[in-house]
Number of protein chains: 2
Amino acid sequence: MHIKSIVLLIFILVEMSVAQVFEVVSPNNILSLSFNVESGVPVYQVTRFGRPLIVSSKLGLILNNDIDFSSDCTVSSIERNYVDNTWTQVWGEKKEIRNCYHELKVVLVKNNQHQSRINIYFRVFNDGIAFRYCIPKQDNLKEFQILDEITEFNMAADHNAWWIPAYHWNRYEYLYKKTTISQMDTVHTPVTFETENGIYLSIHEAALTDYASMTIIPDNNFKLKADLVPWADGIKVYAETPFKSPWRSIQIADTPGELITSYIILNLNEPCKLRDTSWIRPGKYVGIWWEMHLGTSTWGSGELHGATTENTKRYIDFASKYGFSGVLVEGWNIGWDGDWIANSEKFDFITPYPDFDIDIITQYAKDKGVRLIGHHETAKGIHNYEDQMTDAYKFYKKYGVRSVKTGYVGHGQDIRRIDSNGIESKEWHHGQWMVRHYRKSVKKAAKYKLMIDAHEPIKATGIRRTYPNIMTREGARGQEFNAWSADGGNPPEHTTILPFTRLLGGPMDFTPGIFDLIFNDARPNNRVNTTLMKQLALYVILYSPLQMAADLPENYLNRLDAFQFIMDVPVDWQDTQVLHAKIGDYVTIVRKDINSPDWYLGSITDEEGRNLQASLQFLDVGKKYVAQIYCDGQNADWKDMPYEYEIKEILVDSHSKIDLRLAPGGGQAIRFKLAEEKDIVRLAYIQ
Amino acid sequence: MHIKSIVLLIFILVEMSVAQVFEVVSPNNILSLSFNVESGVPVYQVTRFGRPLIVSSKLGLILNNDIDFSSDCTVSSIERNYVDNTWTQVWGEKKEIRNCYHELKVVLVKNNQHQSRINIYFRVFNDGIAFRYCIPKQDNLKEFQILDEITEFNMAADHNAWWIPAYHWNRYEYLYKKTTISQMDTVHTPVTFETENGIYLSIHEAALTDYASMTIIPDNNFKLKADLVPWADGIKVYAETPFKSPWRSIQIADTPGELITSYIILNLNEPCKLRDTSWIRPGKYVGIWWEMHLGTSTWGSGELHGATTENTKRYIDFASKYGFSGVLVEGWNIGWDGDWIANSEKFDFITPYPDFDIDIITQYAKDKGVRLIGHHETAKGIHNYEDQMTDAYKFYKKYGVRSVKTGYVGHGQDIRRIDSNGIESKEWHHGQWMVRHYRKSVKKAAKYKLMIDAHEPIKATGIRRTYPNIMTREGARGQEFNAWSADGGNPPEHTTILPFTRLLGGPMDFTPGIFDLIFNDARPNNRVNTTLMKQLALYVILYSPLQMAADLPENYLNRLDAFQFIMDVPVDWQDTQVLHAKIGDYVTIVRKDINSPDWYLGSITDEEGRNLQASLQFLDVGKKYVAQIYCDGQNADWKDMPYEYEIKEILVDSHSKIDLRLAPGGGQAIRFKLAEEKDIVRLAYIQ
């Protein structure tokens, strides 16, 4: 991986007077973070154009042994640093990422017997701020426990917020709510805010690798406080020096679209640690999955078993014919029969069901140029999974499998853990123990050259920069809710909120592309609440380096004209731009293919129809492109007429404007293909 | 004036069944208006993408003699019509205006003795809908009175609204409020709405020439009803057949910016009625005006009299040297001494004060290539003004005056009227009598080749298309409030609301360009609540064909570098585009000069600082331009540092992007001047 770095280090070591305020400004001088110690309490605030955005907010960690880094502290020294470099993603929504910020390192000393030390690093970017706690090696502080993190993010006013609740800390699969802060529950991050004057903020964390997940508790007066998901014993984090917390980040933008093209979360993670990344390949896949969600086949064995050799061959044939690199098969291994959630220890990750002949299947796939995508449902049986992990990954490696979808389904709020003394406890899904497990899985998978697609995951915090084999994950209500959820599935606005909340953390395996939107035979009380064209647009809107064509092959064969877009759309991009963005209403994103001069556009709306104009200024100047337009028909409507669509080609260039007519609950997808001479002859030129 | 017309007329005459619903769709098939008669009551509704936008709303006029056209009606026949033509403005924000709509004419018959008839015309454009009432010639209905107009605009939900109150019907000089409809007062039009899903609507009227002004009363359940400003006797309108009401219009847009570039109001007015328009010339002016608002000189005679020959010559010198075509002089004529509002009949429109030698002044101006701009303050003494109108206009014509600023200042809610029988009454500012007066003034002025700039006017309803000598008007809180209003002047957000409300009616003589923003000597309790750069940006944001440089010459001489933009900025445009728009937050507009290839950009923000990116795709492809940038300085802030600014030049083309850094309460102005070879050599090329 090529990294261009221009790093300017300025070290300033000064003896500090207690009352001093230390300011760090963004490179463009718009944001300013100031830090000071008020009566022993470390606090920070953020202003934008000189106006308060984050008002005085406490900082600090409370450790065991009465080491309370949130009081009785003094500044011992500071360092300043300016960084401006550009690095290259192994894969992603944008190839070259600029990392440009001013940094302030504050060395704090606790006024106790041992003069315990903690460092806080602040980074101020043009598009937000971040900070982390580091506890350096020091005498008398080696192993320690974090009892509480008292980080605050105190807002200047009662902003609007888009959030999902974090009451049970178990999963992220809720519909986003929009309320004021004062009406907010305890929430997961990313949580996104809109000020009265139309400034957008999103609080999240970066580089969560060995720490508890941060949730956010609102208090009076729009105060927000970090709340860490604890271990069973109530301790938040077990750690030792030298120690680094995850980064706490606030993305700040003038428009919602700028949140999407802000790469702070990635920049705050460490560079790639894998020497060889040549085996990491974004791709598209189909699989034996939706049919189980519809209930027409089963994960478990028996007459309706989906994961049979024959059925898998059918999907391999389809994948091969239409250019998909992977075939996911769920329910292939022993453990799915009976109450598999209650009996998660029965999952056997190296023994297929007898009707799934993995030798034949993988040879068949190889002959057809397709790879099997592995599947490991743990049902939260972590010990069972970790015990088999090495064998399981070796097993897949042997069969040429390159990607594994992992799963952590479970009803409860807790996960069974047995410590080294054999003592059992129940851990939360998002506590430090599970964070460690998810990281272990990614690192071990890398050893066996496996890419991971985690479902019911820990949230995305940019780890993909460091371990680019963690490709994508779930962590929100995906397509599957449309198959069976009792609340009628995802409403049309759901996917117009995800890009500004969940997706700010990283890619999501939403599994778009359902073509048979109404499945009365299988699930009469459910349906997909979009037009067909919106399903296409989601491939551009919801970024994932592994992207599924989630429907059954026969449903694609019925509409090969529309399916062409799914066949064409890339999963790795040179660049990403946001043309229109209104959280919960609509969003238009264009992305440039990494391997060709082609651009792709996705535009989606909520239940309201739209007529948005897209300027094609992103196209290369002076070149002509064939716009292959997949748009809702004149009378299309997600409710009554989701299948009415039109596919047409026109010739455009960078000065063209296109009207995006989006039906209620609809969308539009466009491929801009560099025009050849014959296209120019064939098509009339429109401006 | 050249008008290209492609008019397609389709007449359909059908016998109607009572229950039938008649639908008209917009040319792009997104909006649909349907009309029907429900139990004798004419009603309409509007849908957008099939979803209700205006729910069932009553129509009708109630006349005297028990002719109630809002009940007991039946449809006698309909006609349909499709129009698509493009016409040319004499001057304006865009040269060529497309007028494209579907029309439905409904002939309604009242079930009374004489089978009274009324026609309703509906027009559905891509960007909104409109309708008007017409009462054709018919036996037994000649002269009539309108007792009530019961037009409703019933909204589908409790939208946000930006409005000014219409309680006293006297002026429009209020700060706009943003509330939900349920918290709205009775309001003036244009009143602008934002739906929960981000659709924008604005209700207004077009072609108000001989009718009462329409205000809007909210009722329960977001019902809105037209409320006409009555005559003193309670009658709303006096009329005779054949009769046409003004158009009731609803502009409908996906984005706030599209409200600004919607030309429905103009399209609903009749084509230009003036044969010769060569004398109608947009222009910029300075004048003896701001000094009176600051109180450093007076309108009335005496030591501080502003309108002296000497002072006027000083302004003429300044205007001539810096390229202004006009010099406004207020307080030049007899009538200003004492309580001029109470004694409006004392205004003499042909007799200057002795220290204002109009012969010398106009000759001096002529020699310098400048024209005097006339001033007629009526103080609502309508009879006094109308008695002198012919002489007053002749007087100005004789002296080469081409523009007259009229004024209708008054404390009260009523205007003294004496009818032909000598009976006195008090009329409202916005009732039919005053509407007629304003129209009379415009028509008579045209006869004497005078352009009108009306202050305390009747609202703009697009009459400028028909009589392009009504150039501009006030009709909102303008700059003058910053000089003396007890509430601290216009807050920074005021000018970010005006383009989406007041300005939708037509041009406004806001009088921007105050450079001395803090005038502690003159008015210690007041100031202008913007940065200096925002004053420049207002020349592009707030369109007016007569645009004042409102400050004192000496204040411009102090900052000639910034003044250059005011000297350069045109007042007549080939085209207008909106780059960014958020009502009450920020707006960026670009306009192309009618006389050159140059473009001008204005961008303003409210009290919040912004960093907005402008794509320069509007520039001509393949050409290079010098961007002359007038921007807020790094530390600028309307409150503490309004004078910090930077002026710089860079070379750009249609693929460039520019960061618009707007300070809190700030703005940015840019001239894009077609680059000459020497500019390209001189300036580095940036992309």
# chains A, B, ... in the order shown; residues from 1 in each chain; ligands from 1
>>> interface_residues(of="chain A", to="chain B", cutoff="6 Å", atoms="only C-alpha atoms", output="MDAnalysis selection string")
chainID A and resid 49 197 585 609
>>> write_last_selection(atoms="C-alpha atoms", output="compact mmCIF listing (two decimals), in the first residue's frame")
# COMPACT_ATOMS: atom_id res chain seq x y z
CA PHE A 49 -16.77 30.56 13.33
CA ASN A 197 -29.27 26.92 11.80
CA ASP A 585 -36.06 12.75 2.74
CA GLY A 609 -42.05 11.75 -4.78
>>> residues_around(residues="stretch 140-143 of chain A", least_positions_apart="2", cutoff="9 Å", atoms="only C-alpha atoms", output="PDB file with C-alpha atoms, in the first residue's frame")
ATOM      1  CA  HIS A 114       2.080   8.696  42.408  1.00  0.00           C
ATOM      2  CA  SER A 116      -0.460   9.396  37.772  1.00  0.00           C
ATOM      3  CA  ILE A 135      -2.278   6.212  29.605  1.00  0.00           C
ATOM      4  CA  PRO A 136       1.466   5.863  29.182  1.00  0.00           C
ATOM      5  CA  LYS A 137       3.724   3.364  30.883  1.00  0.00           C
ATOM      6  CA  GLN A 138       4.473   4.599  34.383  1.00  0.00           C
ATOM      7  CA  GLN A 145      -9.806  -1.146  35.304  1.00  0.00           C
ATOM      8  CA  TYR A 238      -9.884  -4.025  31.619  1.00  0.00           C
ATOM      9  CA  ALA A 239      -6.591  -2.636  30.390  1.00  0.00           C
ATOM     10  CA  GLU A 240      -2.930  -2.116  31.022  1.00  0.00           C
ATOM     11  CA  THR A 241      -0.419   0.548  30.199  1.00  0.00           C
ATOM     12  CA  PRO A 242       0.546   1.700  27.651  1.00  0.00           C
TER      13      PRO A 242
END
>>> residues_around(residues="stretch 171-179 of chain B", least_positions_apart="6", cutoff="6 Å", atoms="only C-alpha atoms", output="JSON, numbers by chain")
{"B": [160, 161, 162, 163, 164, 475, 476, 477]}
>>> atom_distance(atom1="atom CA of B:Ile514", atom2="atom CA of B:Ile358")
27.5 Å
>>> select_by_dssp(residues="stretch 233-450 of chain B", states="alpha helix (DSSP H)", output="NGL selection string")
:B and (256-260 or 264-267 or 290-294 or 309-322 or 358-367 or 382-398 or 432-447)
>>> closest_atom_pairs(of="stretch 565-633 of chain A", to="stretch 502-512 of chain A", cutoff="12 Å", atoms="only C-alpha atoms", output="Markdown table")
| residue | atom | partner | partner_atom | distance |
| --- | --- | --- | --- | --- |
| A:Ile566 | CA | A:Pro512 | CA | 9.8 |
| A:Val571 | CA | A:Pro507 | CA | 10.7 |
| A:Asp572 | CA | A:Pro507 | CA | 11.4 |
>>> closest_residue(among="A:Asn311, A:Ser213, A:Gln388, A:Asn520", to="A:Phe347", atoms="only C-alpha atoms")
A:Gln388
>>> closest_residue(among="B:Met471, B:Ile518, B:Val106, B:Ile541", to="B:Pro642", atoms="only C-alpha atoms")
B:Ile518
>>> residues_around(residues="A:Leu552", least_positions_apart="4", cutoff="10 Å", atoms="only C-alpha atoms", output="number ranges by chain")
A: 286-291, 315, 318, 513-516, 556-557
>>> atom_distance(atom1="atom CA of A:His204", atom2="atom CA of A:Val442")
21.2 Å
>>> residues_around(residues="stretch 147-149 of chain B", least_positions_apart="6", cutoff="9 Å", atoms="only C-alpha atoms", output="ChimeraX atom specification")
/B:59-64,70,225-228,230,234-237
>>> residues_around(residues="A:Val37", least_positions_apart="4", cutoff="8 Å", atoms="only C-alpha atoms", output="MDAnalysis selection string")
chainID A and resid 18:21 41:43 73:75
>>> residues_around(residues="A:Trp573", least_positions_apart="5", cutoff="6 Å", atoms="only C-alpha atoms", output="list in words")
Gly92, Glu93, Lys94, Lys592, Asp593 and Ile594 of chain A
>>> atom_distance(atom1="atom CA of A:Asp521", atom2="atom CA of A:Met641")
18.6 Å
>>> select_by_dssp(residues="stretch 77-111 of chain A", states="strand (DSSP E)", output="JSON, numbers by chain")
{"A": [77, 78, 79, 80, 81, 82, 83, 84, 85, 86, 87, 88, 96, 97, 98, 99, 100, 101, 102, 103, 104, 105, 106, 107, 108, 109, 110]}
>>> closest_residue(among="A:Thr151, A:Thr378, A:Asn558, A:Asn267", to="A:His437", atoms="only C-alpha atoms")
A:Thr378
